[in-house]
Amino acid sequence: MSPQTPRDAASLLTQIFAILTTLTRVQELRPLYEQFHALSMPSLSFRRSGFLFVFKYVAYIVLLVNAGSLPFVWHVRVFWPMAAVRIKHHVLRSRLIFTPKAERARILTAWAEGLSPVGANPFEMVTVYRRWASIDDADMFGLHLSNSSYAKALDAIRLRGLIKSFPAYDRSGCQMALGATHYHFIREIPPFVTYEVRSTIGSWDHKWMYLVARYVTHPKGRKAKCSSPSQETSTPSTPDDTAYPYHNCTTDVEKAVTAIVSGPRAPILEPDGAILHCVAVSQICFKHGRITIPPAVVLGAEGFTKPPFPDSGFSSYSRTNPPPNWVKSQAIRVAPVGSMSKFRAFLKGGWRDVPEGERWWEEALDGPIEEKRQANLEILESLKLGLEGARSMY
């Protein structure tokens, strides 16, 4: 009997032959596959590069709209006025490098003393800081300026106002400490709107000074009720903050602080037609270490004073026609008689050695200034006393 191949073995051989035939055909198609792959790679690369391009610019837009909240932006915004004064001083000093030492010291002192608001009324100095209600400053729904953004803007204008109002005190190395801040939200600030924060000195007592800040916007089409404020100031100004003289566009501090304790109402208008959105009161004190310096001493030393008497022959004080308290202050601070160390000692407690009837800072701030101080203090102290009383509530 001749041997026969089993059917299973024959089927297996047939499948092996088919697999080998298929592999051969695949090898024949490989060049075609490589050509197709080479043609398709640019398309895939283009799509990948397009995605990276879009992602890059989306990231740029996100960073741009949140630029105000990036790391260290708050520090730059708040401390830039202080840094700007230091930079100007160093630039002036570098220009005088070949000037004789005595002459250089005289020029630098004259420049620094020229920063003080000599002859100004403390209630008439208004510092303005302009901001934009950007996306990162809006609340989570984007309907209005976030409550926390009011504090960010207040930090910036508070230091700007203090540096402009008290440059000599700043040079003495003393500090200004914040004790409390009170906010009264009257009307929301819409997103993408430019607003201003206007800071003034509200009042002071033997320890605390109260700064009143008003957040306002300028509605389009509304005519101002009084002339535009002048840009002339007794201290240098920048595009972001401007001190407006009080007599050009009257700013009623009493009305501003009264808005804190009054209820919401129809839009409250400023004298220039701006809409009032919020009133904030900051409570600060002047310190040298743990020693508290009375605000009146600091105000008098910076040249703030009441208007001249009508029969004095001139309508206002200035650097060319300084008030008596400015002459006394410079005698303590400026060479050859005075020095900054003597001025620092005066602030730390030397003012107590001046007899009661010879305290030139009190004389400079009496009369109409004292009357307004007491009227405003009665309103502002109610905030402090009310919140201090809230400590005992449980």
# chains A, B, ... in the order shown; residues from 1 in each chain; ligands from 1
call {"tool": "residues_around", "arguments": {"residues": "region 348-358 of chain A", "least_positions_apart": "3", "cutoff": "12 Å", "atoms": "only C-alpha atoms", "output": "number ranges by chain"}}
result
A: 169, 172-175, 286-294, 296-298, 300-301, 324-325, 328-329, 332, 341-345, 361-364
call {"tool": "write_last_selection", "arguments": {"atoms": "N, CA, C and O atoms", "output": "short mmCIF file (atom, residue, chain, number, x, y, z; two decimals), in the first residue's frame"}}
result
data_model
loop_
_atom_site.label_atom_id
_atom_site.label_comp_id
_atom_site.auth_asym_id
_atom_site.auth_seq_id
_atom_site.Cartn_x
_atom_site.Cartn_y
_atom_site.Cartn_z
N TYR A 169 9.77 113.27 56.27
CA TYR A 169 9.57 112.20 57.25
C TYR A 169 10.08 110.88 56.70
O TYR A 169 10.70 110.09 57.43
N SER A 172 13.79 110.56 57.04
CA SER A 172 14.28 110.41 58.40
C SER A 172 14.43 108.95 58.83
O SER A 172 15.03 108.67 59.86
N GLY A 173 13.88 108.03 58.04
CA GLY A 173 13.98 106.62 58.40
C GLY A 173 12.85 106.12 59.27
O GLY A 173 12.88 104.95 59.69
N CYS A 174 11.86 106.95 59.56
CA CYS A 174 10.72 106.52 60.35
C CYS A 174 9.73 105.75 59.46
O CYS A 174 9.85 105.75 58.24
N GLN A 175 8.77 105.09 60.10
CA GLN A 175 7.83 104.26 59.37
C GLN A 175 6.39 104.78 59.53
O GLN A 175 6.10 105.56 60.44
N PHE A 286 2.26 107.15 62.73
CA PHE A 286 3.67 107.39 62.43
C PHE A 286 4.51 106.81 63.55
O PHE A 286 4.29 107.10 64.73
N LYS A 287 5.49 106.01 63.16
CA LYS A 287 6.27 105.27 64.15
C LYS A 287 7.77 105.44 63.91
O LYS A 287 8.24 105.56 62.77
N HIS A 288 8.51 105.44 65.02
CA HIS A 288 9.96 105.26 64.98
C HIS A 288 10.26 104.15 65.97
O HIS A 288 10.35 104.37 67.17
N GLY A 289 10.38 102.94 65.43
CA GLY A 289 10.46 101.79 66.33
C GLY A 289 9.12 101.59 67.01
O GLY A 289 8.09 101.44 66.36
N ARG A 290 9.11 101.62 68.32
CA ARG A 290 7.87 101.51 69.09
C ARG A 290 7.34 102.87 69.55
O ARG A 290 6.33 102.93 70.26
N ILE A 291 8.03 103.94 69.15
CA ILE A 291 7.63 105.28 69.55
C ILE A 291 6.62 105.82 68.55
O ILE A 291 6.86 105.82 67.34
N THR A 292 5.48 106.30 69.05
CA THR A 292 4.45 106.89 68.19
C THR A 292 4.65 108.39 68.11
O THR A 292 4.85 109.07 69.12
N ILE A 293 4.62 108.91 66.89
CA ILE A 293 4.82 110.34 66.65
C ILE A 293 3.47 110.97 66.33
O ILE A 293 2.75 110.49 65.45
N PRO A 294 3.07 112.04 67.01
CA PRO A 294 1.77 112.68 66.74
C PRO A 294 1.69 113.16 65.29
O PRO A 294 2.65 113.76 64.77
N ALA A 296 0.21 115.68 64.03
CA ALA A 296 0.35 117.13 63.91
C ALA A 296 1.82 117.54 63.80
O ALA A 296 2.17 118.49 63.08
N VAL A 297 2.69 116.84 64.52
CA VAL A 297 4.13 117.14 64.45
C VAL A 297 4.65 116.88 63.05
O VAL A 297 5.42 117.69 62.49
N VAL A 298 4.25 115.77 62.46
CA VAL A 298 4.71 115.42 61.12
C VAL A 298 4.15 116.40 60.09
O VAL A 298 4.86 116.86 59.19
N GLY A 300 3.20 119.55 60.55
CA GLY A 300 3.84 120.84 60.67
C GLY A 300 5.26 120.83 60.14
O GLY A 300 5.72 121.81 59.54
N ALA A 301 5.97 119.71 60.34
CA ALA A 301 7.35 119.63 59.87
C ALA A 301 7.45 119.56 58.36
O ALA A 301 8.48 119.90 57.79
N PRO A 324 5.91 130.19 58.79
CA PRO A 324 6.86 130.14 59.91
C PRO A 324 7.22 128.72 60.33
O PRO A 324 8.37 128.46 60.72
N ASN A 325 6.28 127.80 60.29
CA ASN A 325 6.58 126.44 60.72
C ASN A 325 7.59 125.75 59.81
O ASN A 325 8.37 124.90 60.25
N LYS A 328 11.02 126.91 60.90
CA LYS A 328 11.41 126.21 62.13
C LYS A 328 11.82 124.77 61.84
O LYS A 328 12.79 124.27 62.42
N SER A 329 11.09 124.12 60.96
CA SER A 329 11.40 122.72 60.64
C SER A 329 12.74 122.60 59.95
O SER A 329 13.54 121.71 60.26
N ILE A 332 15.84 122.69 62.11
CA ILE A 332 16.18 121.43 62.79
C ILE A 332 16.83 120.44 61.83
O ILE A 332 17.73 119.70 62.21
N SER A 341 19.87 113.82 61.69
CA SER A 341 19.89 113.14 62.99
C SER A 341 19.16 113.97 64.05
O SER A 341 18.45 113.41 64.90
N LYS A 342 19.31 115.31 64.00
CA LYS A 342 18.57 116.16 64.92
C LYS A 342 17.07 116.10 64.65
O LYS A 342 16.26 116.10 65.58
N PHE A 343 16.71 116.04 63.37
CA PHE A 343 15.30 115.95 63.01
C PHE A 343 14.71 114.62 63.49
O PHE A 343 13.59 114.57 63.98
N ARG A 344 15.49 113.56 63.36
CA ARG A 344 15.03 112.26 63.82
C ARG A 344 14.84 112.26 65.33
O ARG A 344 13.86 111.71 65.85
N ALA A 345 15.76 112.90 66.05
CA ALA A 345 15.62 112.98 67.50
C ALA A 345 14.41 113.83 67.89
O ALA A 345 13.72 113.54 68.88
N TRP A 361 4.11 123.81 65.29
CA TRP A 361 3.25 122.94 64.48
C TRP A 361 1.78 123.08 64.88
O TRP A 361 0.90 122.97 64.04
N GLU A 362 1.54 123.33 66.17
CA GLU A 362 0.15 123.52 66.60
C GLU A 362 -0.39 124.85 66.11
O GLU A 362 -1.55 124.96 65.72
N GLU A 363 0.46 125.86 66.12
CA GLU A 363 0.03 127.17 65.62
C GLU A 363 -0.25 127.12 64.12
O GLU A 363 -1.17 127.77 63.63
N ALA A 364 0.53 126.33 63.39
CA ALA A 364 0.33 126.24 61.95
C ALA A 364 -0.98 125.55 61.58
O ALA A 364 -1.54 125.80 60.51
#
call {"tool": "select_by_dssp", "arguments": {"residues": "region 45-247 of chain A", "states": "strand (DSSP E)", "output": "PyMOL selection string"}}
result
chain A and resi 126-132+175-185+194-204+209-217+243-244
call {"tool": "atom_distance", "arguments": {"atom1": "CA of Thr200 (chain A)", "atom2": "CA of Arg214 (chain A)"}}
result
8.7 Å
call {"tool": "closest_residue", "arguments": {"among": "A:Ser116, A:Ala280, A:Ser94, A:Trp132", "to": "Phe185 (chain A)", "atoms": "only C-alpha atoms"}}
result
A:Ala280
call {"tool": "closest_residue", "arguments": {"among": "A:Asn121, A:Thr127, A:Ser318, A:Ser69", "to": "Lys164 (chain A)", "atoms": "only C-alpha atoms"}}
result
A:Thr127
call {"tool": "residues_around", "arguments": {"residues": "Ser203 (chain A)", "least_positions_apart": "3", "cutoff": "9 Å", "atoms": "only C-alpha atoms", "output": "MDAnalysis selection string"}}
result
chainID A and resid 122:123 208:212 372:377 380
call {"tool": "write_last_selection", "arguments": {"atoms": "N, CA, C and O atoms", "output": "PDB file, in the first residue's frame"}}
result
ATOM      1  N   PRO A 122      -3.633 120.646  54.540  1.00  0.00           N
ATOM      2  CA  PRO A 122      -3.680 119.176  54.516  1.00  0.00           C
ATOM      3  C   PRO A 122      -4.973 118.606  53.971  1.00  0.00           C
ATOM      4  O   PRO A 122      -4.978 117.488  53.448  1.00  0.00           O
ATOM      5  N   PHE A 123      -6.076 119.350  54.057  1.00  0.00           N
ATOM      6  CA  PHE A 123      -7.348 118.857  53.543  1.00  0.00           C
ATOM      7  C   PHE A 123      -7.527 119.136  52.051  1.00  0.00           C
ATOM      8  O   PHE A 123      -8.507 118.692  51.462  1.00  0.00           O
ATOM      9  N   TRP A 208      -3.634 108.731  65.666  1.00  0.00           N
ATOM     10  CA  TRP A 208      -4.025 108.203  64.366  1.00  0.00           C
ATOM     11  C   TRP A 208      -4.271 109.307  63.345  1.00  0.00           C
ATOM     12  O   TRP A 208      -4.767 110.379  63.686  1.00  0.00           O
ATOM     13  N   MET A 209      -3.922 108.990  62.115  1.00  0.00           N
ATOM     14  CA  MET A 209      -4.322 109.817  60.983  1.00  0.00           C
ATOM     15  C   MET A 209      -5.261 108.992  60.107  1.00  0.00           C
ATOM     16  O   MET A 209      -5.028 107.810  59.865  1.00  0.00           O
ATOM     17  N   TYR A 210      -6.338 109.619  59.624  1.00  0.00           N
ATOM     18  CA  TYR A 210      -7.339 108.948  58.808  1.00  0.00           C
ATOM     19  C   TYR A 210      -7.219 109.427  57.366  1.00  0.00           C
ATOM     20  O   TYR A 210      -7.325 110.620  57.096  1.00  0.00           O
ATOM     21  N   LEU A 211      -6.989 108.487  56.469  1.00  0.00           N
ATOM     22  CA  LEU A 211      -6.931 108.784  55.047  1.00  0.00           C
ATOM     23  C   LEU A 211      -8.226 108.320  54.395  1.00  0.00           C
ATOM     24  O   LEU A 211      -8.636 107.165  54.567  1.00  0.00           O
ATOM     25  N   VAL A 212      -8.871 109.188  53.643  1.00  0.00           N
ATOM     26  CA  VAL A 212     -10.139 108.876  52.985  1.00  0.00           C
ATOM     27  C   VAL A 212      -9.872 108.711  51.494  1.00  0.00           C
ATOM     28  O   VAL A 212      -9.333 109.615  50.842  1.00  0.00           O
ATOM     29  N   LYS A 372     -12.012 122.100  60.982  1.00  0.00           N
ATOM     30  CA  LYS A 372     -12.352 121.017  60.061  1.00  0.00           C
ATOM     31  C   LYS A 372     -11.851 119.680  60.590  1.00  0.00           C
ATOM     32  O   LYS A 372     -12.499 118.644  60.405  1.00  0.00           O
ATOM     33  N   ARG A 373     -10.705 119.671  61.228  1.00  0.00           N
ATOM     34  CA  ARG A 373     -10.186 118.427  61.800  1.00  0.00           C
ATOM     35  C   ARG A 373     -11.158 117.856  62.821  1.00  0.00           C
ATOM     36  O   ARG A 373     -11.452 116.657  62.821  1.00  0.00           O
ATOM     37  N   GLN A 374     -11.663 118.701  63.696  1.00  0.00           N
ATOM     38  CA  GLN A 374     -12.586 118.228  64.720  1.00  0.00           C
ATOM     39  C   GLN A 374     -13.898 117.755  64.119  1.00  0.00           C
ATOM     40  O   GLN A 374     -14.464 116.739  64.556  1.00  0.00           O
ATOM     41  N   ALA A 375     -14.399 118.456  63.105  1.00  0.00           N
ATOM     42  CA  ALA A 375     -15.659 118.051  62.476  1.00  0.00           C
ATOM     43  C   ALA A 375     -15.523 116.703  61.784  1.00  0.00           C
ATOM     44  O   ALA A 375     -16.392 115.828  61.898  1.00  0.00           O
ATOM     45  N   ASN A 376     -14.435 116.505  61.058  1.00  0.00           N
ATOM     46  CA  ASN A 376     -14.221 115.228  60.378  1.00  0.00           C
ATOM     47  C   ASN A 376     -13.906 114.106  61.362  1.00  0.00           C
ATOM     48  O   ASN A 376     -14.307 112.959  61.159  1.00  0.00           O
ATOM     49  N   LEU A 377     -13.182 114.438  62.426  1.00  0.00           N
ATOM     50  CA  LEU A 377     -12.797 113.417  63.395  1.00  0.00           C
ATOM     51  C   LEU A 377     -14.016 112.826  64.086  1.00  0.00           C
ATOM     52  O   LEU A 377     -14.052 111.632  64.399  1.00  0.00           O
ATOM     53  N   LEU A 380     -15.211 110.194  61.630  1.00  0.00           N
ATOM     54  CA  LEU A 380     -14.285 109.092  61.399  1.00  0.00           C
ATOM     55  C   LEU A 380     -14.053 108.255  62.647  1.00  0.00           C
ATOM     56  O   LEU A 380     -13.863 107.038  62.558  1.00  0.00           O
TER      57      LEU A 380
END
call {"tool": "atom_distance", "arguments": {"atom1": "CA of Ala180 (chain A)", "atom2": "CA of Lys384 (chain A)"}}
result
8.4 Å
call {"tool": "atom_distance", "arguments": {"atom1": "CA of Pro368 (chain A)", "atom2": "CA of Thr305 (chain A)"}}
result
10.2 Å
call {"tool": "closest_residue", "arguments": {"among": "A:Leu365, A:Val78, A:Met176, A:Leu387", "to": "Ala120 (chain A)", "atoms": "only C-alpha atoms"}}
result
A:Leu365
call {"tool": "residues_around", "arguments": {"residues": "Ser199 (chain A)", "least_positions_apart": "4", "cutoff": "10 Å", "atoms": "only C-alpha atoms", "output": "list in words"}}
result
Met125, Val126, Thr127, Val128, Tyr129, Leu154, Ile157, Arg158, Arg160, Gly161, Leu162, Leu211, Val212, Ala213, Arg214, Tyr215, Ala243, Val279, Ala280, Val281 and Ser282 of chain A
call {"tool": "write_last_selection", "arguments": {"atoms": "C-alpha atoms", "output": "CSV table (one decimal), in the first residue's frame"}}
result
chain,number,residue,atom,x,y,z
A,125,MET,CA,-4.1,117.7,48.9
A,126,VAL,CA,-5.7,115.0,46.7
A,127,THR,CA,-3.7,112.2,45.2
A,128,VAL,CA,-5.2,110.4,42.2
A,129,TYR,CA,-4.4,106.9,41.1
A,154,LEU,CA,-5.7,101.2,48.0
A,157,ILE,CA,-2.4,105.0,46.3
A,158,ARG,CA,-1.9,105.0,50.1
A,160,ARG,CA,1.9,107.2,46.9
A,161,GLY,CA,0.0,109.8,48.9
A,162,LEU,CA,2.2,109.3,52.0
A,211,LEU,CA,-6.9,108.8,55.0
A,212,VAL,CA,-10.1,108.9,53.0
A,213,ALA,CA,-10.1,107.3,49.5
A,214,ARG,CA,-12.9,107.6,47.0
A,215,TYR,CA,-13.3,105.2,44.1
A,243,ALA,CA,-2.3,116.1,43.4
A,279,VAL,CA,-15.3,105.0,50.2
A,280,ALA,CA,-12.4,103.6,52.1
A,281,VAL,CA,-10.9,104.9,55.3
A,282,SER,CA,-7.4,103.9,56.3
call {"tool": "closest_residue", "arguments": {"among": "A:His144, A:His277, A:Arg391, A:Lys88", "to": "His218 (chain A)", "atoms": "only C-alpha atoms"}}
result
A:His277
